[in-house]
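Novice: Data file target.cif (mmCIF, C-alpha atoms) is appended below.
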```cif
data_query
#
loop_
_atom_site.label_atom_id
_atom_site.label_comp_id
_atom_site.auth_asym_id
_atom_site.auth_seq_id
_atom_site.Cartn_x
_atom_site.Cartn_y
_atom_site.Cartn_z
CA MET A 292 63.15 270.45 114.83
CA LYS A 293 66.36 268.64 113.85
CA MET A 294 67.23 268.90 110.17
CA THR A 295 69.38 266.02 108.86
CA VAL A 296 69.64 263.64 105.94
CA GLU A 297 69.24 259.90 106.17
CA ALA A 298 72.78 259.17 105.08
CA THR A 299 74.21 260.81 108.21
CA SER A 300 72.54 258.25 110.46
CA GLY A 301 72.14 254.51 110.51
CA ASN A 302 74.45 252.24 108.58
CA SER A 303 74.37 253.96 105.20
CA GLU A 304 77.62 255.49 103.98
CA THR A 305 78.07 259.25 103.96
CA THR A 306 78.93 260.77 100.59
CA MET A 307 80.05 264.21 99.44
CA GLU A 308 76.54 264.74 98.08
CA ASP A 309 75.19 264.26 101.60
CA VAL A 310 77.59 266.90 102.89
CA LYS A 311 76.56 269.32 100.13
CA SER A 312 72.90 268.74 101.01
CA LEU A 313 73.59 269.54 104.67
CA MET A 314 75.54 272.65 103.71
CA LYS A 315 72.62 273.88 101.60
CA LYS A 316 70.22 273.36 104.50
CA LYS A 317 72.61 275.27 106.77
CA ASP A 318 72.67 278.16 104.27
CA ASP A 319 68.86 278.11 104.09
CA ILE A 320 68.60 278.32 107.89
CA GLU A 321 71.05 281.22 107.99
CA GLU A 322 69.00 283.07 105.36
CA GLN A 323 65.81 282.54 107.38
CA ILE A 324 67.49 283.79 110.57
CA LYS A 325 68.69 286.90 108.74
CA ALA A 326 65.19 287.53 107.38
CA TYR A 327 63.68 287.43 110.91
CA TYR A 328 66.44 289.71 112.23
CA ASP A 329 65.53 292.15 109.44
CA VAL A 330 61.92 292.08 110.68
CA LEU A 331 63.05 292.99 114.20
CA GLU A 332 65.31 295.72 112.86
CA ASP A 333 62.45 297.19 110.85
CA GLN A 334 60.32 297.24 114.02
CA GLY A 335 63.17 298.90 115.89
CA VAL A 336 63.09 296.52 118.86
CA GLY A 337 65.78 293.92 118.17
CA VAL A 338 65.82 290.65 120.11
CA GLU A 339 65.63 292.13 123.62
CA GLY A 340 63.62 295.33 123.14
CA PRO A 341 60.49 295.70 125.36
CA LEU A 342 57.04 294.99 123.90
CA ILE A 343 55.05 296.76 126.62
CA ASP A 344 54.89 300.46 127.45
CA GLU A 345 55.55 302.13 130.80
CA GLU A 346 52.00 301.36 131.93
CA GLY A 347 52.35 297.64 131.19
CA PHE A 348 50.23 297.57 128.05
CA PRO A 349 51.33 296.11 124.68
CA ARG A 350 53.07 298.78 122.69
CA ALA A 351 50.89 300.34 120.01
CA ASP A 352 53.80 301.59 117.90
CA VAL A 353 55.00 298.11 116.90
CA ASN A 354 53.51 294.87 115.63
CA VAL A 355 53.80 292.82 118.83
CA TYR A 356 52.58 289.58 117.24
CA GLN A 357 55.05 289.84 114.35
CA ILE A 358 57.94 290.57 116.71
CA ARG A 359 57.12 287.65 119.01
CA THR A 360 56.81 285.33 116.02
CA ALA A 361 60.17 286.51 114.67
CA ARG A 362 61.92 286.09 118.04
CA HIS A 363 60.48 282.60 118.54
CA SER A 364 61.44 281.59 115.01
CA ILE A 365 65.00 282.87 115.49
CA SER A 366 65.33 280.83 118.69
CA CYS A 367 64.10 277.65 116.96
CA LEU A 368 66.26 278.23 113.89
CA GLN A 369 69.37 278.82 116.00
CA ASN A 370 68.81 275.39 117.58
CA ASP A 371 68.40 273.92 114.10
CA HIS A 372 71.60 275.67 113.01
CA LYS A 373 73.55 274.24 115.95
CA SER A 374 72.18 270.77 115.21
CA ILE A 375 72.97 270.83 111.51
CA MET A 376 76.49 272.14 112.15
CA ALA A 377 77.03 269.05 114.33
CA ASP A 378 75.63 266.86 111.51
CA ILE A 379 78.03 268.48 109.01
CA GLU A 380 81.00 267.94 111.31
CA GLU A 381 80.04 264.29 111.82
CA ALA A 382 79.48 263.73 108.07
CA LEU A 383 82.86 265.29 107.20
CA HIS A 384 84.55 263.17 109.86
CA LYS A 385 82.99 260.00 108.43
CA LEU A 386 83.91 261.02 104.89
CA HIS A 387 87.54 261.75 105.78
CA ALA A 388 87.84 258.60 107.88
CA ARG A 389 86.54 256.43 105.02
CA GLU A 390 88.84 258.11 102.49
CA LYS A 391 91.81 257.58 104.79
CA ALA A 392 90.87 253.92 105.32
CA LYS A 393 90.50 253.44 101.55
CA ARG A 394 93.95 254.97 100.90
CA VAL A 395 95.54 252.74 103.51
CA HIS A 396 93.76 249.67 102.08
CA ASP A 397 94.86 250.53 98.52
CA GLU A 398 98.47 251.06 99.63
CA VAL A 399 98.54 247.78 101.53
CA GLU A 400 96.98 245.96 98.57
CA ALA A 401 99.46 247.50 96.12
CA GLN A 402 102.38 246.56 98.37
CA GLY A 403 101.00 243.03 98.66
CA GLU A 404 100.69 242.68 94.88
CA ALA A 405 104.23 244.01 94.39
CA MET A 406 105.58 241.55 96.97
CA ASP A 407 103.66 238.69 95.36
CA GLN A 408 105.13 239.50 91.98
CA GLN A 409 108.64 239.82 93.39
CA VAL A 410 108.24 236.42 95.01
CA THR A 411 106.65 234.58 92.08
CA LEU A 412 108.38 236.11 89.05
CA PRO A 413 111.13 233.89 87.61
CA PRO A 414 114.54 235.43 86.90
CA PRO A 415 114.88 236.84 83.35
CA PHE A 416 117.10 235.06 80.85
CA ALA A 417 117.43 237.76 78.16
CA LEU A 418 117.40 241.54 77.79
CA VAL A 419 115.96 243.69 74.99
CA ASP A 420 118.69 246.25 74.17
CA ALA A 421 117.29 247.69 70.93
CA VAL A 422 113.86 248.13 69.31
CA THR A 423 113.36 249.66 65.85
CA GLN A 424 110.42 252.01 65.32
CA GLY A 425 107.77 250.58 63.00
CA SER A 426 108.90 247.02 63.53
CA PRO A 427 106.73 244.10 64.72
CA ALA A 428 108.49 244.28 68.11
CA SER A 429 107.73 247.99 68.45
CA GLY A 430 104.11 247.44 67.45
CA ALA A 431 103.72 244.70 70.06
CA GLY A 432 104.91 247.08 72.80
CA LEU A 433 108.37 245.69 73.41
CA ARG A 434 110.75 248.29 74.92
CA VAL A 435 114.48 248.66 75.42
CA GLY A 436 115.33 247.44 78.91
CA ASP A 437 112.61 244.80 79.04
CA GLU A 438 113.85 241.65 80.76
CA VAL A 439 112.49 238.53 79.04
CA ILE A 440 111.10 235.69 81.17
CA GLU A 441 109.01 234.02 78.44
CA PHE A 442 109.35 234.05 74.64
CA GLY A 443 106.85 231.69 73.08
CA SER A 444 107.83 228.21 74.28
CA VAL A 445 111.17 229.48 75.62
CA ASN A 446 111.23 230.29 79.33
CA THR A 447 113.66 230.67 82.22
CA GLY A 448 113.63 226.94 82.86
CA ASN A 449 114.55 225.73 79.34
CA PHE A 450 116.54 228.65 77.90
CA GLN A 451 120.07 227.67 76.83
CA ASN A 452 121.14 230.28 74.28
CA LEU A 453 119.78 232.76 71.72
CA GLN A 454 119.39 229.95 69.18
CA ASN A 455 116.35 228.82 71.19
CA ILE A 456 114.65 232.16 70.50
CA ALA A 457 115.79 232.25 66.87
CA ALA A 458 114.28 228.81 66.25
CA VAL A 459 110.94 229.81 67.78
CA VAL A 460 110.84 232.98 65.65
CA GLN A 461 111.62 231.11 62.41
CA HIS A 462 108.88 228.54 63.05
CA SER A 463 106.31 231.15 64.07
CA GLU A 464 106.32 233.57 61.13
CA GLY A 465 102.83 235.06 60.88
CA LYS A 466 101.77 233.45 64.15
CA PRO A 467 101.42 235.38 67.44
CA LEU A 468 103.89 234.54 70.19
CA ARG A 469 103.24 235.16 73.84
CA ILE A 470 105.98 237.33 75.33
CA SER A 471 106.39 238.03 79.06
CA VAL A 472 108.88 240.57 80.37
CA ILE A 473 109.75 242.29 83.61
CA ARG A 474 109.42 246.07 83.31
CA ASP A 475 109.76 248.41 86.31
CA GLU A 476 109.64 245.34 88.59
CA GLN A 477 106.23 244.38 87.13
CA LYS A 478 105.30 241.51 84.85
CA VAL A 479 104.12 242.71 81.41
CA GLN A 480 102.65 240.39 78.80
CA MET A 481 102.19 241.02 75.09
CA SER A 482 101.58 239.25 71.79
CA LEU A 483 104.32 239.51 69.16
CA THR A 484 103.87 238.17 65.62
CA PRO A 485 107.13 237.58 63.71
CA GLN A 486 106.67 238.81 60.12
CA ARG A 487 108.32 240.46 57.15
CA TRP A 488 108.55 244.23 57.37
CA SER A 489 110.64 247.03 55.81
CA GLY A 490 113.62 246.32 58.08
CA ARG A 491 115.84 243.33 58.77
CA GLY A 492 114.64 240.10 60.35
CA LEU A 493 111.15 239.19 61.51
CA LEU A 494 111.12 241.12 64.81
CA GLY A 495 112.98 244.41 64.54
CA CYS A 496 114.62 244.16 67.93
CA ASN A 497 117.86 242.94 69.45
CA ILE A 498 117.89 240.52 72.37
CA VAL A 499 120.96 239.59 74.36
CA PRO A 500 121.30 236.86 77.00
CA ILE A 501 121.60 237.81 80.66
CA ARG A 502 124.71 236.30 82.18
CA ARG A 503 124.18 234.90 85.65
#
```
If you took the structure in this file and wrote it as structure tokens, what would it be?
Specialist:
Amino acid sequence: MKMTVEATSGNSETTMEDVKSLMKKKDDIEEQIKAYYDVLEDQGVGVEGPLIDEEGFPRADVNVYQIRTARHSISCLQNDHKSIMADIEEALHKLHAREKAKRVHDEVEAQGEAMDQQVTLPPPFALVDAVTQGSPASGAGLRVGDEVIEFGSVNTGNFQNLQNIAAVVQHSEGKPLRISVIRDEQKVQMSLTPQRWSGRGLLGCNIVPIRR
């Protein structure tokens, strides 16, 4: 009588719920074994005690049928217990193996994405060295240290000087500009709308060119 769950066999994937189900069945078997041992203890014969008297007749001072049933049940349940322990070990092995494979896959994928970005990202042409709290730049998510690779229509390929950015800002008041920066070696995009606010200018940040 082998007690298992479907997920531990075939092609279906083992989950932690499957393991918990197996553990509960193991606990149930152990409780049943203990209950039958209690029966034998109450009868005072244990697992090996004789059931016949000196003359070869069934003992009259114990319930022979109950004892035999308990001993047989213990034997069967011990086999079930051994089987389910093997199922638990196999399920845990599958679970750990899949988790390890997933971690390795995620690490490889993350490294691949990082390498792709390092290869494809253009060199920055400007650096954000100041951002005022409460300004349009701050609200858009711009941070000190961001390296600019795209500012509206200005990009690495056509940038000449800061006047390029100033012209785009002046002609885009109230209109969202697409900004792309490199932050922690990753490309970050945001939408920045130049507009009047309580501080100076339309952005509230300071951008300096990167000298190559």
Novice: What does the distance between CA of Ala382 (chain A) and CA of Met307 (chain A) come to in Å, to one decimal place?
Specialist: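 CA of Ala382 (chain A) sits 8.7 Å away from CA of Met307 (chain A).
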Novice: May I ask which of the residues A:Ser312, A:Val459, A:Tyr327, A:Glu404 is the closest one to His363 (chain A), counting all atoms listed in the file?
Specialist: A:Tyr327
Novice: Run the PyMOL selection byres ((chain A and resi 408-425) around 9) against the file shown and list the residues it catches, as a ChimeraX atom specification.
Specialist: /A:403-407,426-430,433-441,446-448,450-451,453,472-473,476-478,488-490,494-503
Novice: Please enumerate the residues selected by the PyMOL selection byres ((chain A and resi 365) around 10) when evaluated against the supplied file, formatted as a VMD selection string.
Specialist: chain A and resid 320 to 321 323 to 328 338 359 to 364 366 to 371
Novice: Can you translate the PyMOL selection byres ((chain A and resi 355) around 12) into the concrete residues it hits in this file, as a list in words?
Specialist: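 Residues picked by the PyMOL selection byres ((chain A and resi 355) around 12): Val330, Leu331, Gln334, Gly335, Val336, Gly340, Pro341, Leu342, Ile343, Asp344, Phe348, Pro349, Arg350, Ala351, Asp352, Val353, Asn354, Tyr356, Gln357, Ile358, Arg359, Thr360, Ala361 and Arg362 of chain A.
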Novice: Which residues are close to Phe442 (chain A), i.e. within 8 Å by all atoms listed in the file, leaving aside same-chain residues fewer than 2 positions away? Reply as a PDB file with C-alpha atoms, in the coordinates of the input.
Specialist:
```
ATOM      1  CA  VAL A 439     112.490 238.530  79.040  1.00  0.00           C
ATOM      2  CA  ILE A 440     111.100 235.690  81.170  1.00  0.00           C
ATOM      3  CA  SER A 444     107.830 228.210  74.280  1.00  0.00           C
ATOM      4  CA  VAL A 445     111.170 229.480  75.620  1.00  0.00           C
ATOM      5  CA  ASN A 446     111.230 230.290  79.330  1.00  0.00           C
ATOM      6  CA  ILE A 456     114.650 232.160  70.500  1.00  0.00           C
ATOM      7  CA  LEU A 468     103.890 234.540  70.190  1.00  0.00           C
ATOM      8  CA  ARG A 469     103.240 235.160  73.840  1.00  0.00           C
ATOM      9  CA  ILE A 470     105.980 237.330  75.330  1.00  0.00           C
ATOM     10  CA  SER A 471     106.390 238.030  79.060  1.00  0.00           C
TER      11      SER A 471
END
```
Novice: What separation in Å, quoted to one decimal, exists between CA of Leu386 (chain A) and CA of Glu304 (chain A)?
Specialist: 8.4 Å
Novice: May I ask which of the residues A:Asp309, A:Gln402, A:Asp318, A:Asp333 is the closest one to Asp378 (chain A), counting all atoms listed in the file?
Specialist: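 Of A:Asp309, A:Gln402, A:Asp318, A:Asp333, the one nearest Asp378 (chain A), counting all atoms listed in the file, is A:Asp309.
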Novice: Could you jot down the CA of Glu390 (chain A) to CA of Thr306 (chain A) separation for me, Å, one decimal place?
Specialist: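 Interatomic distance, CA of Glu390 (chain A) to CA of Thr306 (chain A): 10.4 Å.
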Novice: I need the residue nearest Lys315 (chain A) from this list: A:Lys373, A:Met481, A:Ile379, A:Glu345. Use only C-alpha atoms for the distance.
Specialist: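 Closest residue, counting only C-alpha atoms: A:Ile379.
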Novice: Looking at A:Val460, A:Glu332, A:Gly347, A:His372, which one is nearest to Lys316 (chain A), with distances taken over all atoms listed in the file?
Specialist: A:His372
Novice: Between A:Lys466, A:Lys317, A:Arg394, A:Arg474, which is the closest to Gly443 (chain A) once you count all atoms listed in the file?
Specialist: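 Closest to Gly443 (chain A), using all atoms listed in the file: A:Lys466.
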